[in-house]
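File shown: input-v5.txt. Contents: compact mmCIF, C-alpha atoms.
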# COMPACT_ATOMS: atom_id res chain seq x y z
CA MET H 1 0.00 0.00 0.00
CA ASN H 2 1.20 3.43 -0.92
CA ASP H 3 0.98 5.56 2.22
CA SER H 4 0.49 8.80 0.26
CA HIS H 5 -2.45 7.26 -1.54
CA PHE H 6 -4.15 6.54 1.78
CA ARG H 7 -3.31 9.91 3.26
CA TYR H 8 -4.52 11.76 0.20
CA VAL H 9 -7.93 10.08 0.23
CA LEU H 10 -8.13 10.59 4.00
CA ARG H 11 -7.61 14.32 3.50
CA LEU H 12 -10.42 14.50 0.99
CA GLY H 13 -12.63 12.59 3.41
CA ASP H 14 -11.71 14.86 6.33
CA ASP H 15 -12.43 17.99 4.27
CA ALA H 16 -15.88 16.68 3.40
CA LEU H 17 -16.64 15.47 6.92
CA ILE H 18 -15.66 18.66 8.72
CA LEU H 19 -17.31 21.03 6.25
CA GLY H 20 -20.44 18.86 6.35
CA GLN H 21 -20.44 18.98 10.14
CA ARG H 22 -20.11 22.77 10.09
CA LEU H 23 -22.94 23.18 7.60
CA SER H 24 -25.20 20.89 9.59
CA GLN H 25 -25.05 23.40 12.45
CA TRP H 26 -27.46 25.55 10.45
CA CYS H 27 -30.15 22.89 10.57
CA GLY H 28 -33.10 24.52 12.29
CA HIS H 29 -31.35 27.91 12.46
CA SER H 30 -31.31 29.17 8.86
CA PRO H 31 -32.84 32.54 7.99
CA PHE H 32 -35.94 30.92 6.47
CA LEU H 33 -37.41 27.49 5.93
CA GLU H 34 -36.47 26.96 2.28
CA GLU H 35 -32.87 27.91 3.03
CA ASP H 36 -32.83 25.61 6.05
CA ILE H 37 -33.73 22.64 3.90
CA ALA H 38 -31.24 23.64 1.22
CA LEU H 39 -28.37 24.03 3.69
CA ALA H 40 -29.15 20.71 5.34
CA ASN H 41 -29.20 19.09 1.87
CA THR H 42 -25.77 20.52 1.18
CA ALA H 43 -24.48 19.36 4.55
CA LEU H 44 -25.71 15.86 3.80
CA ASP H 45 -24.04 15.89 0.39
CA HIS H 46 -20.75 16.52 2.18
CA VAL H 47 -21.32 13.90 4.86
CA GLY H 48 -22.30 11.38 2.18
CA ARG H 49 -19.10 12.18 0.31
CA ALA H 50 -17.14 11.79 3.56
CA ARG H 51 -18.64 8.33 4.09
CA MET H 52 -17.46 7.12 0.69
CA LEU H 53 -14.03 8.70 0.99
CA LEU H 54 -13.36 7.52 4.54
CA THR H 55 -14.50 4.01 3.64
CA ARG H 56 -12.07 4.06 0.72
CA ALA H 57 -9.31 5.45 2.94
CA GLY H 58 -9.92 2.66 5.45
CA GLU H 59 -9.58 0.05 2.70
CA LEU H 60 -6.33 1.59 1.53
CA GLU H 61 -4.94 1.72 5.04
CA GLY H 62 -5.74 -1.95 5.44
CA VAL H 63 -5.79 -2.22 9.22
CA GLY H 64 -9.53 -2.63 9.55
CA ARG H 65 -10.67 0.92 10.25
CA ASP H 66 -14.06 1.65 8.68
CA GLU H 67 -15.75 5.02 8.04
CA ASP H 68 -17.01 5.28 11.63
CA ALA H 69 -13.63 4.43 13.14
CA LEU H 70 -12.04 7.17 11.05
CA ALA H 71 -14.79 9.74 11.64
CA TYR H 72 -15.36 9.23 15.34
CA PHE H 73 -12.34 7.61 16.93
CA ARG H 74 -9.43 9.80 15.98
CA ASP H 75 -8.10 12.73 17.95
CA GLU H 76 -7.62 16.26 16.74
CA ARG H 77 -4.02 15.87 15.61
CA ASP H 78 -5.00 12.94 13.36
CA TYR H 79 -7.46 14.97 11.29
CA THR H 80 -5.97 16.35 8.10
CA ASN H 81 -8.73 18.61 6.82
CA CYS H 82 -7.84 22.07 5.60
CA LEU H 83 -8.45 24.83 8.14
CA ILE H 84 -11.03 26.65 6.03
CA ALA H 85 -13.47 23.77 6.63
CA GLU H 86 -13.35 23.96 10.42
CA LEU H 87 -13.83 27.73 10.88
CA PRO H 88 -17.03 28.48 12.82
CA VAL H 89 -20.18 29.15 10.80
CA GLY H 90 -20.15 32.85 11.72
CA ASP H 91 -23.06 34.78 10.25
CA PHE H 92 -24.93 33.74 7.13
CA ALA H 93 -22.60 35.79 4.93
CA PHE H 94 -19.54 34.05 6.34
CA THR H 95 -21.09 30.63 5.83
CA MET H 96 -21.95 31.42 2.23
CA VAL H 97 -18.67 33.09 1.31
CA ARG H 98 -16.63 30.20 2.77
CA GLN H 99 -18.95 27.73 1.06
CA PHE H 100 -18.58 29.46 -2.27
CA LEU H 101 -14.76 29.36 -2.15
CA CYS H 102 -14.87 25.67 -1.19
CA ASP H 103 -17.57 24.76 -3.71
CA VAL H 104 -15.66 26.17 -6.66
CA PHE H 105 -12.54 24.35 -5.47
CA HIS H 106 -14.43 21.05 -5.09
CA HIS H 107 -16.10 21.42 -8.45
CA GLU H 108 -12.73 21.84 -10.17
CA LEU H 109 -11.02 19.21 -8.00
CA TYR H 110 -13.58 16.45 -8.45
CA GLY H 111 -13.84 17.26 -12.14
CA ALA H 112 -10.13 16.45 -12.38
CA LEU H 113 -10.33 13.44 -10.03
CA MET H 114 -12.71 11.69 -12.43
CA ARG H 115 -9.47 10.76 -14.22
CA SER H 116 -7.78 9.40 -11.09
CA THR H 117 -6.01 6.05 -11.44
CA ASP H 118 -7.85 5.00 -8.27
CA GLU H 119 -11.05 3.79 -9.91
CA GLN H 120 -13.08 4.03 -6.73
CA LEU H 121 -11.94 7.58 -6.19
CA ALA H 122 -12.79 8.35 -9.82
CA GLY H 123 -16.27 6.95 -9.19
CA ILE H 124 -16.74 9.05 -6.06
CA ALA H 125 -15.56 12.09 -8.04
CA GLN H 126 -18.09 11.43 -10.75
CA LYS H 127 -20.91 11.55 -8.22
CA SER H 128 -19.45 14.49 -6.30
CA VAL H 129 -18.84 16.72 -9.30
CA LYS H 130 -22.57 16.90 -10.03
CA GLU H 131 -23.34 17.80 -6.42
CA SER H 132 -20.62 20.44 -6.44
CA ALA H 133 -21.93 21.92 -9.69
CA TYR H 134 -25.18 22.57 -7.88
CA HIS H 135 -23.45 23.79 -4.71
CA VAL H 136 -21.58 26.40 -6.78
CA LYS H 137 -24.81 27.50 -8.41
CA ARG H 138 -26.36 28.04 -5.01
CA SER H 139 -23.49 29.63 -3.12
CA SER H 140 -22.41 31.88 -6.00
CA GLU H 141 -25.99 33.09 -6.29
CA TRP H 142 -25.97 33.95 -2.59
CA VAL H 143 -22.59 35.69 -2.79
CA LYS H 144 -23.96 37.89 -5.57
CA ARG H 145 -27.17 38.60 -3.67
CA LEU H 146 -25.35 39.49 -0.47
CA GLY H 147 -22.54 41.46 -2.13
CA ASP H 148 -24.82 43.37 -4.46
CA GLY H 149 -27.64 43.60 -1.92
CA THR H 150 -28.12 46.06 0.89
CA GLU H 151 -25.39 48.11 2.50
CA GLU H 152 -25.36 45.75 5.46
CA SER H 153 -25.29 42.54 3.45
CA HIS H 154 -22.49 43.95 1.31
CA GLN H 155 -20.45 44.86 4.37
CA ARG H 156 -20.99 41.46 5.97
CA ALA H 157 -20.02 39.64 2.79
CA GLN H 158 -16.90 41.80 2.38
CA ASP H 159 -15.93 41.22 6.03
CA ALA H 160 -16.41 37.48 5.60
CA LEU H 161 -14.24 37.50 2.50
CA GLU H 162 -11.45 39.38 4.29
CA GLU H 163 -11.61 36.93 7.16
CA VAL H 164 -11.61 33.73 5.14
CA TRP H 165 -9.25 34.76 2.36
CA ALA H 166 -6.03 33.85 4.19
CA PHE H 167 -7.34 30.30 4.59
CA ALA H 168 -8.00 29.67 0.90
CA ASN H 169 -4.33 29.21 0.06
CA GLU H 170 -4.11 25.94 1.91
CA LEU H 171 -6.46 24.32 -0.60
CA PHE H 172 -3.75 24.55 -3.23
CA GLU H 173 -0.71 23.60 -1.16
CA VAL H 174 1.42 20.80 -2.51
CA ASP H 175 3.42 18.84 0.06
CA ASP H 176 5.15 15.44 -0.24
CA THR H 177 1.92 13.51 0.19
CA ILE H 178 0.17 15.33 -2.64
CA ALA H 179 3.26 15.31 -4.85
CA ASP H 180 3.48 11.53 -4.40
CA ALA H 181 -0.20 11.05 -5.02
CA ILE H 182 0.02 13.16 -8.18
CA GLU H 183 3.05 11.12 -9.29
CA ILE H 184 1.08 7.85 -9.15
CA GLY H 185 -1.91 9.44 -10.85
CA VAL H 186 -4.21 9.25 -7.84
CA ALA H 187 -4.36 12.97 -7.10
CA ALA H 188 -5.10 15.87 -9.43
CA ASP H 189 -2.51 18.49 -10.30
CA LEU H 190 -3.46 21.55 -8.27
CA ALA H 191 -1.84 24.25 -10.43
CA PRO H 192 -4.49 24.31 -13.20
CA ILE H 193 -7.21 23.94 -10.56
CA GLU H 194 -5.93 27.02 -8.76
CA ALA H 195 -5.84 29.01 -11.98
CA ARG H 196 -9.45 28.07 -12.80
CA TRP H 197 -10.48 28.80 -9.22
CA GLN H 198 -8.94 32.29 -9.31
CA GLU H 199 -10.72 33.01 -12.55
CA ARG H 200 -14.15 31.77 -11.46
CA VAL H 201 -14.02 33.25 -7.97
CA GLY H 202 -12.79 36.59 -9.35
CA GLU H 203 -15.64 36.72 -11.84
CA THR H 204 -18.32 36.11 -9.22
CA LEU H 205 -16.79 38.59 -6.77
CA ARG H 206 -16.78 41.26 -9.48
CA THR H 207 -20.46 40.63 -10.22
CA ALA H 208 -21.12 40.73 -6.48
CA THR H 209 -19.32 44.13 -6.29
CA LEU H 210 -16.99 42.62 -3.68
CA ALA H 211 -13.31 43.53 -3.59
CA THR H 212 -10.83 40.67 -3.81
CA PRO H 213 -8.76 40.98 -0.63
CA GLU H 214 -5.03 41.58 -0.62
CA GLN H 215 -3.14 38.36 -0.05
CA ALA H 216 -2.83 38.05 3.72
CA TRP H 217 -0.33 35.87 5.56
CA PRO H 218 -1.47 32.40 4.43
CA GLN H 219 -2.90 30.21 7.18
CA THR H 220 -1.86 26.60 7.03
CA GLY H 221 -1.33 23.50 9.16
CA GLY H 222 -4.47 21.42 8.77
CA ARG H 223 -2.79 18.84 6.55
CA GLN H 224 -0.27 18.21 9.36
CA GLY H 225 -3.00 17.98 11.98
CA LEU H 226 -2.28 21.46 13.35
CA HIS H 227 -5.71 22.96 13.73
CA THR H 228 -7.35 26.18 14.84
CA GLU H 229 -8.77 26.55 18.32
CA HIS H 230 -12.23 25.78 16.91
CA MET H 231 -11.47 22.22 15.87
CA GLY H 232 -11.52 20.66 19.34
CA ARG H 233 -15.02 21.86 20.09
CA LEU H 234 -16.30 20.74 16.71
CA LEU H 235 -14.93 17.25 17.30
CA ALA H 236 -16.22 17.12 20.87
CA GLU H 237 -19.72 17.71 19.60
CA MET H 238 -19.44 15.48 16.53
CA GLN H 239 -17.92 12.55 18.40
CA SER H 240 -19.84 12.76 21.67
CA VAL H 241 -22.40 10.04 20.94
CA GLN H 242 -19.89 7.51 19.61
CA ARG H 243 -17.48 8.25 22.45
CA ALA H 244 -20.19 7.79 25.06
CA TYR H 245 -21.69 4.70 23.40
CA PRO H 246 -18.95 3.18 21.23
CA GLY H 247 -20.26 1.18 18.30
CA ASN H 248 -23.80 2.43 18.88
CA GLN H 249 -26.04 2.02 15.81
CA TRP H 250 -29.15 3.89 14.76
CA MET Y 1 -38.26 37.44 8.16
CA ALA Y 2 -38.70 41.21 8.27
CA VAL Y 3 -39.39 41.53 4.55
CA ARG Y 4 -41.83 38.96 3.27
CA LEU Y 5 -40.52 37.30 0.11
CA PRO Y 6 -43.05 36.64 -2.67
CA LEU Y 7 -44.86 33.31 -2.72
CA TRP Y 8 -44.43 30.82 -5.59
CA GLU Y 9 -46.40 27.74 -6.56
CA VAL Y 10 -44.34 24.71 -7.51
CA PHE Y 11 -45.29 22.13 -10.14
CA VAL Y 12 -43.21 18.99 -10.57
CA ARG Y 13 -43.28 16.47 -13.39
CA SER Y 14 -42.48 13.12 -11.85
CA ARG Y 15 -41.64 11.29 -15.07
CA ARG Y 16 -41.33 12.09 -18.74
CA GLY Y 17 -44.71 11.86 -20.41
CA LEU Y 18 -46.66 12.76 -17.27
CA ASP Y 19 -48.14 16.15 -16.44
CA HIS Y 20 -46.63 18.63 -14.04
CA LYS Y 21 -48.52 18.40 -10.76
CA HIS Y 22 -48.86 21.02 -8.08
CA VAL Y 23 -46.73 19.94 -5.11
CA GLY Y 24 -46.68 23.00 -2.85
CA SER Y 25 -45.42 26.53 -2.50
CA LEU Y 26 -42.38 28.43 -1.23
CA HIS Y 27 -41.01 31.90 -0.63
CA ALA Y 28 -38.24 33.34 -2.79
CA ALA Y 29 -37.08 36.71 -4.06
CA ASP Y 30 -36.95 35.89 -7.77
CA PRO Y 31 -37.16 33.01 -10.29
CA GLU Y 32 -33.54 31.82 -9.80
CA GLN Y 33 -33.84 31.61 -6.05
CA ALA Y 34 -37.30 30.07 -6.31
CA MET Y 35 -35.99 27.41 -8.70
CA GLN Y 36 -33.16 26.45 -6.34
CA ALA Y 37 -35.49 26.37 -3.36
CA ALA Y 38 -37.96 24.24 -5.33
CA ARG Y 39 -35.20 21.83 -6.28
CA ASP Y 40 -34.05 21.55 -2.68
CA THR Y 41 -37.48 21.43 -1.09
CA TYR Y 42 -39.50 19.31 -3.51
CA THR Y 43 -37.15 17.08 -5.52
CA ARG Y 44 -34.65 15.94 -2.90
CA ARG Y 45 -36.12 12.43 -2.85
CA GLN Y 46 -36.09 11.98 -6.63
CA GLU Y 47 -39.64 13.21 -7.00
CA GLY Y 48 -39.15 14.79 -10.36
CA CYS Y 49 -37.42 15.49 -13.65
CA SER Y 50 -38.84 18.93 -14.37
CA ILE Y 51 -40.02 21.93 -12.34
CA TRP Y 52 -42.44 24.73 -13.23
CA LEU Y 53 -42.86 27.82 -11.09
CA VAL Y 54 -45.70 30.30 -11.07
CA LYS Y 55 -45.96 33.36 -8.88
CA SER Y 56 -48.89 32.71 -6.61
CA GLU Y 57 -50.27 36.21 -7.29
CA ASP Y 58 -50.52 35.34 -10.98
CA ILE Y 59 -52.98 32.56 -10.30
CA HIS Y 60 -56.64 33.43 -10.63
CA ALA Y 61 -58.70 31.00 -8.61
CA SER Y 62 -62.43 30.38 -8.54
CA GLN Y 63 -64.03 31.52 -5.33
CA PRO Y 64 -65.60 29.07 -2.85
CA GLU Y 65 -68.74 31.22 -2.69
CA ASP Y 66 -69.27 30.60 -6.41
CA ASP Y 67 -69.18 26.84 -5.96
CA GLY Y 68 -72.96 26.48 -6.15
CA ALA Y 69 -73.35 28.51 -9.31
CA PHE Y 70 -70.21 27.10 -10.91
CA PHE Y 71 -70.25 23.41 -10.21
CA ASP Y 72 -73.61 22.20 -8.94
CA PRO Y 73 -75.54 22.65 -12.24
CA ALA Y 74 -73.34 19.94 -13.81
CA GLU Y 75 -74.59 17.42 -11.28
CA ASP Y 76 -77.66 16.18 -13.22
CA LYS Y 77 -76.25 16.43 -16.74
CA VAL Y 78 -75.17 12.85 -17.18
CA TYR Y 79 -75.73 13.16 -20.93
CA ARG Y 80 -72.53 15.18 -21.09
CA HIS Y 81 -70.55 11.99 -20.57
CA PRO Y 82 -69.97 9.98 -23.74
CA THR Y 83 -70.85 6.81 -21.84
CA PHE Y 84 -74.45 8.07 -21.55
CA TYR Y 85 -75.11 7.09 -25.16
CA ASP Y 86 -75.63 3.60 -26.49
CA VAL Y 87 -73.60 3.02 -29.59
CA PRO Y 88 -75.85 1.64 -32.38
CA GLU Y 89 -74.88 -1.90 -33.22
CA ASP Y 90 -74.49 -1.32 -36.93
CA LEU Y 91 -72.19 1.68 -36.44
CA LYS Y 92 -68.93 1.14 -38.22
CA LEU Y 93 -66.07 2.41 -36.08

Would you write out, as structure tokens, the structure that this file holds?
Amino acid sequence: MNDSHFRYVLRLGDDALILGQRLSQWCGHSPFLEEDIALANTALDHVGRARMLLTRAGELEGVGRDEDALAYFRDERDYTNCLIAELPVGDFAFTMVRQFLCDVFHHELYGALMRSTDEQLAGIAQKSVKESAYHVKRSSEWVKRLGDGTEESHQRAQDALEEVWAFANELFEVDDTIADAIEIGVAADLAPIEARWQERVGETLRTATLATPEQAWPQTGGRQGLHTEHMGRLLAEMQSVQRAYPGNQW
Amino acid sequence: MAVRLPLWEVFVRSRRGLDHKHVGSLHAADPEQAMQAARDTYTRRQEGCSIWLVKSEDIHASQPEDDGAFFDPAEDKVYRHPTFYDVPEDLKL
């Protein structure tokens, strides 16, 4: 087993799991009913993706860990999601701006991963790319509405963008694990994905009358298990049932 | 919600070849948002392959108080159904 292969798929799974968990926090709290259902749908798309990816990662690891073992029985340092996924939901503008940046990235990434040499990963990508296409439609629409909306919604969207911008860089970081995974054809080359991302994000921000922030000091560390202060609380909540009743089933 | 968003009626076609059927309503600011909300609210369990939206205010409905005048007179007009008539035996179809 190629260790980078496992770790790469695990990262994808962690990204999906943590972002899905964050989004699910809106369930019952969204600004209005239709949006509540839509956000919960999106959260479930991510959790569903996480299930497939973590199952695949467990197979690759080959020591008998299944999706639940990976989702619920690891500690903070063992999670390798990017930091942008774990940031608190903030206000609605923050949630949507973060989601938009991630959605465009996922749409490009999974589009490219359909050609992965890992056939199971390619299959997961094929399913995910359709979901992400819709996620982009939704979140970009919201970014435009908020940015080009009222004075307050514009300000909140711009503030959110300033806050989250420094975390976007990490999505495109190439370390040894990714370089290895690209080498064996499992992972997608991130350079063209970043170029497409810049282009698409820039276009939507212009339409939304939002200013692209100056490049801040890039925040990084998630891939090495070095997380923000928010991660521990997220995990405590997410894992509480399985930790209290290990192996409990619905 | 401080500002009430307009109401839309949602029609979903469950399969190709079938009619769009009214499935419910939702609030949204404009057609794009309404379409996304309809997709998320009414087709998340594979209920459909096509969605129509109509602004609720564009629907003109008959009034309940007209029911008597509108619908009751049809009650005793069975001859308006084709099955009321016997087809002559020597009729060539």

Counting all atoms listed in the file, chain Y residues within 10 Å of chain H, as a ChimeraX atom specification: /Y:1,26-28,32-34,36-42,44

Restricted to C-alpha atoms, what would the selected residues look like written as a short mmCIF file (atom, residue, chain, number, x, y, z; two decimals), in the coordinates of the input?
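Wrote it out as selection05.cif, contents follow:
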data_model
loop_
_atom_site.label_atom_id
_atom_site.label_comp_id
_atom_site.auth_asym_id
_atom_site.auth_seq_id
_atom_site.Cartn_x
_atom_site.Cartn_y
_atom_site.Cartn_z
CA MET Y 1 -38.26 37.44 8.16
CA LEU Y 26 -42.38 28.43 -1.23
CA HIS Y 27 -41.01 31.90 -0.63
CA ALA Y 28 -38.24 33.34 -2.79
CA GLU Y 32 -33.54 31.82 -9.80
CA GLN Y 33 -33.84 31.61 -6.05
CA ALA Y 34 -37.30 30.07 -6.31
CA GLN Y 36 -33.16 26.45 -6.34
CA ALA Y 37 -35.49 26.37 -3.36
CA ALA Y 38 -37.96 24.24 -5.33
CA ARG Y 39 -35.20 21.83 -6.28
CA ASP Y 40 -34.05 21.55 -2.68
CA THR Y 41 -37.48 21.43 -1.09
CA TYR Y 42 -39.50 19.31 -3.51
CA ARG Y 44 -34.65 15.94 -2.90
#

Which polymer residues have any atom within 10 Å of an atom of region 175-188 of chain H, counting only C-alpha atoms, with same-chain residues fewer than 4 positions away left out, as a PDB file with C-alpha atoms, keeping the file's coordinate frame?
ATOM      1  CA  ASN H   2       1.200   3.430  -0.920  1.00  0.00           C
ATOM      2  CA  ASP H   3       0.980   5.560   2.220  1.00  0.00           C
ATOM      3  CA  SER H   4       0.490   8.800   0.260  1.00  0.00           C
ATOM      4  CA  HIS H   5      -2.450   7.260  -1.540  1.00  0.00           C
ATOM      5  CA  PHE H   6      -4.150   6.540   1.780  1.00  0.00           C
ATOM      6  CA  ARG H   7      -3.310   9.910   3.260  1.00  0.00           C
ATOM      7  CA  TYR H   8      -4.520  11.760   0.200  1.00  0.00           C
ATOM      8  CA  VAL H   9      -7.930  10.080   0.230  1.00  0.00           C
ATOM      9  CA  ARG H  11      -7.610  14.320   3.500  1.00  0.00           C
ATOM     10  CA  GLU H 108     -12.730  21.840 -10.170  1.00  0.00           C
ATOM     11  CA  LEU H 109     -11.020  19.210  -8.000  1.00  0.00           C
ATOM     12  CA  TYR H 110     -13.580  16.450  -8.450  1.00  0.00           C
ATOM     13  CA  GLY H 111     -13.840  17.260 -12.140  1.00  0.00           C
ATOM     14  CA  ALA H 112     -10.130  16.450 -12.380  1.00  0.00           C
ATOM     15  CA  LEU H 113     -10.330  13.440 -10.030  1.00  0.00           C
ATOM     16  CA  MET H 114     -12.710  11.690 -12.430  1.00  0.00           C
ATOM     17  CA  ARG H 115      -9.470  10.760 -14.220  1.00  0.00           C
ATOM     18  CA  SER H 116      -7.780   9.400 -11.090  1.00  0.00           C
ATOM     19  CA  THR H 117      -6.010   6.050 -11.440  1.00  0.00           C
ATOM     20  CA  ASP H 118      -7.850   5.000  -8.270  1.00  0.00           C
ATOM     21  CA  GLU H 119     -11.050   3.790  -9.910  1.00  0.00           C
ATOM     22  CA  LEU H 121     -11.940   7.580  -6.190  1.00  0.00           C
ATOM     23  CA  ALA H 122     -12.790   8.350  -9.820  1.00  0.00           C
ATOM     24  CA  PRO H 192      -4.490  24.310 -13.200  1.00  0.00           C
ATOM     25  CA  ILE H 193      -7.210  23.940 -10.560  1.00  0.00           C
ATOM     26  CA  ARG H 223      -2.790  18.840   6.550  1.00  0.00           C
TER      27      ARG H 223
END

If we count all atoms listed in the file, what is near Arg206 (chain H) at a cut-off of 12 Å, once residues fewer than 3 positions away on the same chain are taken out, given as number ranges by chain? H: 140, 143-144, 147-148, 158, 198-203, 209-213

Could you pull the residues within 7 Å of region 227-230 of chain H, counting all atoms listed in the file, minus those fewer than 4 positions along the same chain, as a ChimeraX atom specification? /H:83,86-88,221-222,234

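CA of Leu60 (chain H) is found 20.9 Å from CA of Cys82 (chain H).
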
CA of Ser240 (chain H) to CA of Phe94 (chain H): how many Å, to one decimal? 26.2 Å

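One finds CA of Ala57 (chain H) at 20.6 Å from CA of Ala43 (chain H).
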
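The nearest approach to Phe172 (chain H) among the residues H:Arg233, H:Arg196, H:Arg243, H:Arg77, with all atoms listed in the file taken into account, belongs to H:Arg196.
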
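Residues with any atom within 10 Å of Ile51 (chain Y), counting all atoms listed in the file and excluding same-chain neighbours fewer than 5 positions away, are Val10, Phe11, Val12, Arg13, Ser14, His20, Lys21, His22, Met35, Ala38, Arg39, Tyr42 and Thr43 of chain Y.
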